[in-house]
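**Student:** Right, I'll just put the structure down here and ask away after.
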Amino acid sequence: MVLVFDIGNSNITIGAYEEDKLIFTARLITDRDLDSEAYAEKIQGILLSKGKSTNSIDGAVICSVVPTVTVKVSSAVEMLTGNAPLAVDSQTDYGLKIQMDNPKKVGTDLLVGASGAIFKYEAPLCVIDLGTFTTLCYVSGDHEYQGTIIIPGIRTTADSYSRAAQLFSFEIESPKALLGTNTKDSMCSGLMHGAAAMLDGLIDRIESEKGELKTVVMTGGFAGMIAPLLRHKVTIDENLLLEGLLRLYYSSISDIK
């Protein structure tokens, strides 16, 4: 069994694979105050809840945008398995020609998503990831990673409502209608339809600059809510980053052999 860890600003998504088959996924809150031992306990608890033991782990791979947590989770995995996990970084071969001002500064989560996409979908393509930040990445037909758009994420935007006078925090859900008839529905519509309209507009602008996209793939927790509101056709791939990480793990093992 191979464990894959996608460490984001808000959550850590964990996937367990047996060969290419996803066995389970789990989530932890990204807690910068936890130490390695605490993360080890949480990971072991997840394994036990799924009927798995640390002895069944053959390897692990980590993608992270939170360096301090990377170190702790890596150490936790080593405590549990006796082996350090693979951590993807700027030296990893993603199968992409990275055409950025400083390729070493591009987020590994962006590269893992783009890398996973080119092995599953036709390029040129755009990868939209609805995380703490909403990101759009463009990959050309010859697999050049040519640029990124970064926007405050849906939950980040929703939190801003609660800081405004006479407004409040609310549960994010699919809007009932475009025009809300109460404050909550109006805010929900503005949040979700606003995000969809923004993404439609950005896709249009990318195509105006780069030409027609063959694929637009969307991942992240809000993909299922946003996709139906878009005018552009998108492919939802909930496990894009996990599968991309798994492929990079097997590629690394193959290179070592």
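Residue names in the structure tokens use chain letters A, B, ... in the order shown, residue numbers from 1 in each chain, and ligand numbers from 1 in the order shown.
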Can you tell me, as a PyMOL selection string, which residues in region 76-197 of chain A count as strand (DSSP E or B) by DSSP?
**Tutor:** chain A and resi 86-87+97-98+125-130+133-139+144-152
**Student:** Kindly save the residues from that selection, with N, CA and C atoms included, as a PDB file, in the first residue's frame.
**Tutor:**
ATOM      1  N   LEU A  86       8.880   9.981   0.029  1.00  0.00           N
ATOM      2  CA  LEU A  86       9.321  10.856  -1.055  1.00  0.00           C
ATOM      3  C   LEU A  86       8.572  12.183  -0.923  1.00  0.00           C
ATOM      4  N   ALA A  87       9.298  13.297  -0.982  1.00  0.00           N
ATOM      5  CA  ALA A  87       8.678  14.623  -0.966  1.00  0.00           C
ATOM      6  C   ALA A  87       8.961  15.282  -2.309  1.00  0.00           C
ATOM      7  N   LYS A  97       7.542  21.069 -19.215  1.00  0.00           N
ATOM      8  CA  LYS A  97       8.534  22.115 -19.472  1.00  0.00           C
ATOM      9  C   LYS A  97       8.017  23.365 -18.772  1.00  0.00           C
ATOM     10  N   ILE A  98       8.640  23.737 -17.678  1.00  0.00           N
ATOM     11  CA  ILE A  98       8.113  24.797 -16.826  1.00  0.00           C
ATOM     12  C   ILE A  98       8.610  26.153 -17.320  1.00  0.00           C
ATOM     13  N   LEU A 125      -4.559  22.408 -22.052  1.00  0.00           N
ATOM     14  CA  LEU A 125      -5.566  22.253 -21.011  1.00  0.00           C
ATOM     15  C   LEU A 125      -5.386  23.289 -19.913  1.00  0.00           C
ATOM     16  N   CYS A 126      -6.437  23.423 -19.139  1.00  0.00           N
ATOM     17  CA  CYS A 126      -6.434  24.296 -17.969  1.00  0.00           C
ATOM     18  C   CYS A 126      -6.861  23.463 -16.763  1.00  0.00           C
ATOM     19  N   VAL A 127      -6.088  23.543 -15.711  1.00  0.00           N
ATOM     20  CA  VAL A 127      -6.435  22.871 -14.453  1.00  0.00           C
ATOM     21  C   VAL A 127      -6.930  23.933 -13.468  1.00  0.00           C
ATOM     22  N   ILE A 128      -8.146  23.755 -12.985  1.00  0.00           N
ATOM     23  CA  ILE A 128      -8.713  24.656 -11.981  1.00  0.00           C
ATOM     24  C   ILE A 128      -8.782  23.902 -10.655  1.00  0.00           C
ATOM     25  N   ASP A 129      -8.150  24.453  -9.641  1.00  0.00           N
ATOM     26  CA  ASP A 129      -8.151  23.825  -8.317  1.00  0.00           C
ATOM     27  C   ASP A 129      -8.829  24.770  -7.332  1.00  0.00           C
ATOM     28  N   LEU A 130      -9.949  24.311  -6.774  1.00  0.00           N
ATOM     29  CA  LEU A 130     -10.734  25.135  -5.844  1.00  0.00           C
ATOM     30  C   LEU A 130     -10.340  24.796  -4.412  1.00  0.00           C
ATOM     31  N   PHE A 133      -6.918  28.768  -1.993  1.00  0.00           N
ATOM     32  CA  PHE A 133      -6.883  29.700  -3.118  1.00  0.00           C
ATOM     33  C   PHE A 133      -7.419  28.976  -4.341  1.00  0.00           C
ATOM     34  N   THR A 134      -8.123  29.695  -5.205  1.00  0.00           N
ATOM     35  CA  THR A 134      -8.544  29.143  -6.487  1.00  0.00           C
ATOM     36  C   THR A 134      -7.429  29.416  -7.486  1.00  0.00           C
ATOM     37  N   THR A 135      -6.963  28.361  -8.153  1.00  0.00           N
ATOM     38  CA  THR A 135      -5.879  28.514  -9.117  1.00  0.00           C
ATOM     39  C   THR A 135      -6.297  27.974 -10.477  1.00  0.00           C
ATOM     40  N   LEU A 136      -5.826  28.644 -11.523  1.00  0.00           N
ATOM     41  CA  LEU A 136      -5.987  28.177 -12.892  1.00  0.00           C
ATOM     42  C   LEU A 136      -4.595  28.057 -13.494  1.00  0.00           C
ATOM     43  N   CYS A 137      -4.254  26.888 -13.996  1.00  0.00           N
ATOM     44  CA  CYS A 137      -2.945  26.647 -14.596  1.00  0.00           C
ATOM     45  C   CYS A 137      -3.124  26.285 -16.059  1.00  0.00           C
ATOM     46  N   TYR A 138      -2.291  26.845 -16.909  1.00  0.00           N
ATOM     47  CA  TYR A 138      -2.361  26.562 -18.352  1.00  0.00           C
ATOM     48  C   TYR A 138      -1.169  25.709 -18.778  1.00  0.00           C
ATOM     49  N   VAL A 139      -1.473  24.617 -19.497  1.00  0.00           N
ATOM     50  CA  VAL A 139      -0.447  23.737 -20.057  1.00  0.00           C
ATOM     51  C   VAL A 139      -0.690  23.622 -21.555  1.00  0.00           C
ATOM     52  N   GLU A 144       4.053  22.411 -22.117  1.00  0.00           N
ATOM     53  CA  GLU A 144       4.724  23.523 -21.454  1.00  0.00           C
ATOM     54  C   GLU A 144       3.785  24.131 -20.417  1.00  0.00           C
ATOM     55  N   TYR A 145       4.274  24.216 -19.187  1.00  0.00           N
ATOM     56  CA  TYR A 145       3.521  24.894 -18.130  1.00  0.00           C
ATOM     57  C   TYR A 145       3.811  26.385 -18.290  1.00  0.00           C
ATOM     58  N   GLN A 146       2.803  27.126 -18.788  1.00  0.00           N
ATOM     59  CA  GLN A 146       3.070  28.493 -19.227  1.00  0.00           C
ATOM     60  C   GLN A 146       2.542  29.578 -18.307  1.00  0.00           C
ATOM     61  N   GLY A 147       1.804  29.224 -17.272  1.00  0.00           N
ATOM     62  CA  GLY A 147       1.350  30.283 -16.375  1.00  0.00           C
ATOM     63  C   GLY A 147       0.225  29.884 -15.453  1.00  0.00           C
ATOM     64  N   THR A 148      -0.010  30.736 -14.481  1.00  0.00           N
ATOM     65  CA  THR A 148      -0.979  30.470 -13.414  1.00  0.00           C
ATOM     66  C   THR A 148      -1.751  31.741 -13.071  1.00  0.00           C
ATOM     67  N   ILE A 149      -2.999  31.561 -12.669  1.00  0.00           N
ATOM     68  CA  ILE A 149      -3.809  32.638 -12.090  1.00  0.00           C
ATOM     69  C   ILE A 149      -4.168  32.202 -10.671  1.00  0.00           C
ATOM     70  N   ILE A 150      -3.970  33.081  -9.696  1.00  0.00           N
ATOM     71  CA  ILE A 150      -4.258  32.757  -8.295  1.00  0.00           C
ATOM     72  C   ILE A 150      -5.244  33.786  -7.736  1.00  0.00           C
ATOM     73  N   ILE A 151      -6.324  33.267  -7.131  1.00  0.00           N
ATOM     74  CA  ILE A 151      -7.424  34.111  -6.638  1.00  0.00           C
ATOM     75  C   ILE A 151      -7.793  33.626  -5.228  1.00  0.00           C
ATOM     76  N   PRO A 152      -8.260  34.501  -4.346  1.00  0.00           N
ATOM     77  CA  PRO A 152      -8.772  34.029  -3.054  1.00  0.00           C
ATOM     78  C   PRO A 152      -9.840  32.949  -3.258  1.00  0.00           C
TER      79      PRO A 152
END
**Student:** To test your reading of the structure, identify every residue in region 94-203 of chain A that backbone DSSP assigns to alpha helix (DSSP H), and report it as a ChimeraX atom specification.
**Tutor:** /A:108-118,154-161,183-203
**Student:** For region 66-72 of chain A, list every protein, DNA or RNA residue within 9 Å, evaluated using only C-alpha atoms, and leave out those in the same chain fewer than 5 positions away; present the list as JSON, numbers by chain.
**Tutor:** {"A": [7, 8, 9, 30, 31, 32, 33, 34, 35, 36, 37, 39, 40, 77, 87]}
**Student:** For the residues selected in the previous step, produce a file with N, CA and C atoms as a tab-separated table (two decimals), in the first residue's frame.
**Tutor:**
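Full text of again.tsv as output:
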chain	number	residue	atom	x	y	z
A	7	ILE	N	-0.65	18.14	1.31
A	7	ILE	CA	-0.72	19.05	2.46
A	7	ILE	C	-1.00	20.47	1.96
A	8	GLY	N	-2.22	20.93	2.22
A	8	GLY	CA	-2.62	22.27	1.82
A	8	GLY	C	-2.64	23.21	3.00
A	9	ASN	N	-2.99	24.46	2.77
A	9	ASN	CA	-3.01	25.45	3.83
A	9	ASN	C	-4.07	25.16	4.89
A	30	THR	N	-4.86	20.93	8.70
A	30	THR	CA	-3.45	21.33	8.70
A	30	THR	C	-3.19	22.15	9.96
A	31	ASP	N	-2.58	21.51	10.94
A	31	ASP	CA	-2.34	22.14	12.24
A	31	ASP	C	-0.84	22.36	12.40
A	32	ARG	N	-0.43	23.61	12.30
A	32	ARG	CA	0.99	23.94	12.38
A	32	ARG	C	1.56	23.75	13.79
A	33	ASP	N	0.68	23.62	14.80
A	33	ASP	CA	1.13	23.49	16.18
A	33	ASP	C	1.37	22.04	16.59
A	34	LEU	N	0.87	21.07	15.81
A	34	LEU	CA	1.09	19.67	16.16
A	34	LEU	C	2.53	19.28	15.90
A	35	ASP	N	3.05	18.35	16.72
A	35	ASP	CA	4.40	17.85	16.48
A	35	ASP	C	4.33	16.54	15.71
A	36	SER	N	5.48	15.97	15.42
A	36	SER	CA	5.55	14.74	14.60
A	36	SER	C	4.83	13.58	15.27
A	37	GLU	N	5.00	13.47	16.59
A	37	GLU	CA	4.36	12.37	17.31
A	37	GLU	C	2.84	12.45	17.21
A	39	TYR	N	1.09	13.88	14.80
A	39	TYR	CA	0.69	13.51	13.44
A	39	TYR	C	0.78	12.00	13.24
A	40	ALA	N	1.79	11.38	13.83
A	40	ALA	CA	1.93	9.92	13.72
A	40	ALA	C	0.72	9.22	14.34
A	77	VAL	N	5.63	9.83	9.25
A	77	VAL	CA	5.60	8.65	8.38
A	77	VAL	C	6.82	7.76	8.63
A	87	ALA	N	9.30	13.30	-0.98
A	87	ALA	CA	8.68	14.62	-0.97
A	87	ALA	C	8.96	15.28	-2.31
**Student:** Nearest to Ala123 (chain A): which of A:Arg27, A:Arg155, A:Lys104, A:Lys214 is it, counting only C-alpha atoms?
**Tutor:**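 Closest candidate: A:Lys214.
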**Student:** Under the rule that only C-alpha atoms are counted, which of A:Ser162, A:Leu230, A:Ala177, A:Ser189 is the nearest residue to Ile203 (chain A)?
**Tutor:** A:Leu230
**Student:** Counting only C-alpha atoms, which residues in region 67-121 of chain A sit no more than 10 Å from region 54-61 of chain A? For each one, give the nearest pair of atoms and the distance in Å, sorted by chain then residue number, as JSON lines.
**Tutor:**
{"residue": "A:Ser74", "atom": "CA", "partner": "A:Val61", "partner_atom": "CA", "distance": 8.9}
{"residue": "A:Val77", "atom": "CA", "partner": "A:Ala60", "partner_atom": "CA", "distance": 7.7}
{"residue": "A:Glu78", "atom": "CA", "partner": "A:Ala60", "partner_atom": "CA", "distance": 9.4}
{"residue": "A:Met79", "atom": "CA", "partner": "A:Thr54", "partner_atom": "CA", "distance": 9.9}
{"residue": "A:Leu80", "atom": "CA", "partner": "A:Thr54", "partner_atom": "CA", "distance": 6.1}
{"residue": "A:Thr81", "atom": "CA", "partner": "A:Thr54", "partner_atom": "CA", "distance": 6.2}
{"residue": "A:Gly82", "atom": "CA", "partner": "A:Thr54", "partner_atom": "CA", "distance": 9.7}
{"residue": "A:Asn83", "atom": "CA", "partner": "A:Gly59", "partner_atom": "CA", "distance": 7.7}
{"residue": "A:Ala84", "atom": "CA", "partner": "A:Ala60", "partner_atom": "CA", "distance": 7.9}
{"residue": "A:Pro85", "atom": "CA", "partner": "A:Ala60", "partner_atom": "CA", "distance": 4.7}
{"residue": "A:Leu86", "atom": "CA", "partner": "A:Val61", "partner_atom": "CA", "distance": 4.5}
{"residue": "A:Ala87", "atom": "CA", "partner": "A:Val61", "partner_atom": "CA", "distance": 5.7}
{"residue": "A:Val88", "atom": "CA", "partner": "A:Val61", "partner_atom": "CA", "distance": 7.4}
**Student:** Just the number, please: distance in Å from CA of Cys63 (chain A) to CA of Asp6 (chain A), one decimal.
**Tutor:**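 According to the coordinates, CA of Cys63 (chain A) and CA of Asp6 (chain A) are separated by 5.0 Å.
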**Student:** Looking at A:Gly131, A:Met225, A:Asp159, A:Val65, which one is nearest to Ser174 (chain A), with distances taken over only C-alpha atoms?
**Tutor:** A:Met225
**Student:** Name the closest residue to Ile23 (chain A) among the candidates A:Met187, A:Val4, A:Ser10, A:Leu110; distances are taken between atoms, counting only C-alpha atoms.
**Tutor:**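 The closest residue to Ile23 (chain A) is A:Val4.
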**Student:** Return the single residue from A:Val73, A:Ser252, A:Phe24, A:Ser115 that is closest to Glu41 (chain A), with distances computed using only C-alpha atoms.
**Tutor:**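 Among A:Val73, A:Ser252, A:Phe24, A:Ser115, it is A:Val73 that comes nearest to Glu41 (chain A).
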